[in-house]
Amino acid sequence: TNGETRVEIKESVRGQDIFIIQTIPRDVNTAVMELLIMAYALKTSCARNIIGVIPYFPYSKQSKMRKRGSIVCKLLASMLAKAGLTHIITMDLHQKEIQGFFSFPVDNLRASPFLIQYIQEEIPDYRNAVIVAKSPDAAKRAQSYAERLRLGLAVIHGEAQCTEQDMDDGRHSPPMVKNATVHPGLELPLMMAKEKPPITVVGDVGGRIAIIVDDIIDDVESFVAAAEILKERGAYKIFVMATHGLLSADAPRLIEESSIDEVVVTNTVPHEVQKLQCPKIKTVDISLILSEAIRRIHNGESMAYLFRNITVDD
């Protein structure tokens, strides 16, 4: 009655390979708890292998230490292992190093071949496009797309001077402490405060189609700001490509009102409601690669075919 999750397996799974397909909807924590309880129920029912198919792996952005926080992604990996999972199939982890958090195999599939195919088939004059990284962090991913499409590359660098971003880049860490006691003989070199330059675009986008690529699109403010800058620099059409379209809160309305012409995401996360609110959102189906991964793992076949032409930076 109080909303606890209860799982009961209705048939024998002893000695079987079980694939749990767990999409992560809006209520992330409930979905995670359901997955853990389901895996544990299968483990206690003597399933041979329990493989989690999690197209968008939750908490993947919390994979680095921030101030006095914690690496939640590592905690989740430990919980999944403890619950009984023996393998995970996922797609485009936020950081590839996350695979090292797990004590069992992780297949990190890529959506880029599907998105590249969309660019080639659905953008008629894509040869006149330039791939854009909305921050230097995304430059490697953008470079990978640009090289495979034989296109140019542009990088947006800096930040709007009027707004102060949430301090997640360490500028104000550690926090200022009054009357800090320092050992008399200890003189540490002074740390220079970080200061980002005003927003600039490195690369020519004038008279071109700009295609911004990223792995997750959730808060769209940074994408909208990037689109404005690209419009000012002369780009005549702006596309945003991302694997996971979380599109939380007011994202559909902000996209609709922005200068972005189209947002292309895969169906790793359900976003039917957002599509009804904003016709600019388009979906690419990636179920084919997930189903092929499930078939190959069950039959004990090599997964190498699914990673052909995939670079380290992709």
# chains A, B, ... in the order shown; residues from 1 in each chain; ligands from 1
$ residues_around --residues "Ile98 of chain A" --least-positions-apart "3" --cutoff "8 Å" --atoms "only C-alpha atoms" --output "PyMOL selection string"
chain A and resi 60+63+73-74+93-95+101-102
$ residues_around --residues "Ile281 of chain A" --least-positions-apart "3" --cutoff "10 Å" --atoms "only C-alpha atoms" --output "compact mmCIF listing (two decimals) with C-alpha atoms, in the first residue's frame"
# COMPACT_ATOMS: atom_id res chain seq x y z
CA VAL A 240 21.25 19.21 -32.79
CA GLY A 245 16.91 12.87 -25.44
CA LEU A 247 14.45 16.79 -22.56
CA PRO A 252 10.33 21.26 -25.67
CA ILE A 255 13.52 24.32 -28.42
CA GLU A 256 10.34 25.45 -30.17
CA ASP A 261 15.73 23.92 -36.77
CA GLU A 262 15.71 20.26 -35.69
CA VAL A 263 16.67 18.16 -32.67
CA VAL A 264 17.46 14.55 -33.58
CA VAL A 265 17.63 12.00 -30.75
CA HIS A 271 9.99 11.16 -25.34
CA GLU A 272 6.59 10.87 -27.05
CA GLN A 274 7.92 16.03 -25.74
CA LYS A 275 7.44 15.30 -29.46
CA LEU A 276 3.77 16.29 -29.20
CA GLN A 277 4.82 19.57 -27.56
CA CYS A 278 7.56 20.32 -30.10
$ closest_atom_pairs --of "segment 193-308 of chain A" --to "segment 17-23 of chain A" --cutoff "8 Å" --atoms "only C-alpha atoms" --output "Markdown table"
| residue | atom | partner | partner_atom | distance |
| --- | --- | --- | --- | --- |
| A:Thr268 | CA | A:Thr23 | CA | 7.2 |
| A:Val269 | CA | A:Thr23 | CA | 6.5 |
| A:Pro270 | CA | A:Thr23 | CA | 7.9 |
| A:Ile294 | CA | A:Phe19 | CA | 7.7 |
| A:His298 | CA | A:Asp17 | CA | 7.0 |
$ closest_atom_pairs --of "segment 63-83 of chain A" --to "segment 51-59 of chain A" --cutoff "12 Å" --atoms "only C-alpha atoms" --output "Markdown table"
| residue | atom | partner | partner_atom | distance |
| --- | --- | --- | --- | --- |
| A:Ser63 | CA | A:Tyr59 | CA | 7.5 |
| A:Lys64 | CA | A:Tyr59 | CA | 10.7 |
| A:Ser70 | CA | A:Tyr59 | CA | 11.3 |
| A:Ile71 | CA | A:Tyr59 | CA | 9.1 |
| A:Val72 | CA | A:Tyr59 | CA | 6.6 |
| A:Cys73 | CA | A:Tyr59 | CA | 5.4 |
| A:Lys74 | CA | A:Tyr59 | CA | 9.2 |
| A:Leu75 | CA | A:Tyr59 | CA | 9.7 |
| A:Leu76 | CA | A:Tyr59 | CA | 7.9 |
| A:Ala77 | CA | A:Tyr59 | CA | 10.0 |
| A:Leu80 | CA | A:Gly52 | CA | 9.1 |
| A:Ala81 | CA | A:Gly52 | CA | 10.6 |
| A:Ala83 | CA | A:Gly52 | CA | 11.2 |
$ closest_residue --among "A:Arg26, A:Lys82, A:Lys67, A:Lys196" --to "Ala249 of chain A" --atoms "only C-alpha atoms"
A:Arg26
$ closest_residue --among "A:Glu97, A:Val7, A:Ser78, A:Leu288" --to "Ala39 of chain A" --atoms "only C-alpha atoms"
A:Val7
$ residues_around --residues "Leu149 of chain A" --least-positions-apart "5" --cutoff "10 Å" --atoms "only C-alpha atoms" --output "list in words"
Ile116, Gln117, Ile119, Gln120, Tyr126, Arg127, Ala129, Val130, Ile131, Gln143 and Ser144 of chain A
$ write_last_selection --atoms "C-alpha atoms" --output "tab-separated table (two decimals), in the first residue's frame"
chain	number	residue	atom	x	y	z
A	116	ILE	CA	25.42	9.66	-39.30
A	117	GLN	CA	23.02	7.72	-41.54
A	119	ILE	CA	22.53	13.15	-41.58
A	120	GLN	CA	23.35	11.56	-44.95
A	126	TYR	CA	24.79	17.93	-45.76
A	127	ARG	CA	28.03	18.33	-47.77
A	129	ALA	CA	27.55	21.31	-43.21
A	130	VAL	CA	30.04	21.77	-40.40
A	131	ILE	CA	30.09	19.64	-37.24
A	143	GLN	CA	35.90	15.30	-34.57
A	144	SER	CA	34.89	11.64	-34.88
$ atom_distance --atom1 "atom CA of Ala193 of chain A" --atom2 "atom CA of Arg66 of chain A"
17.0 Å
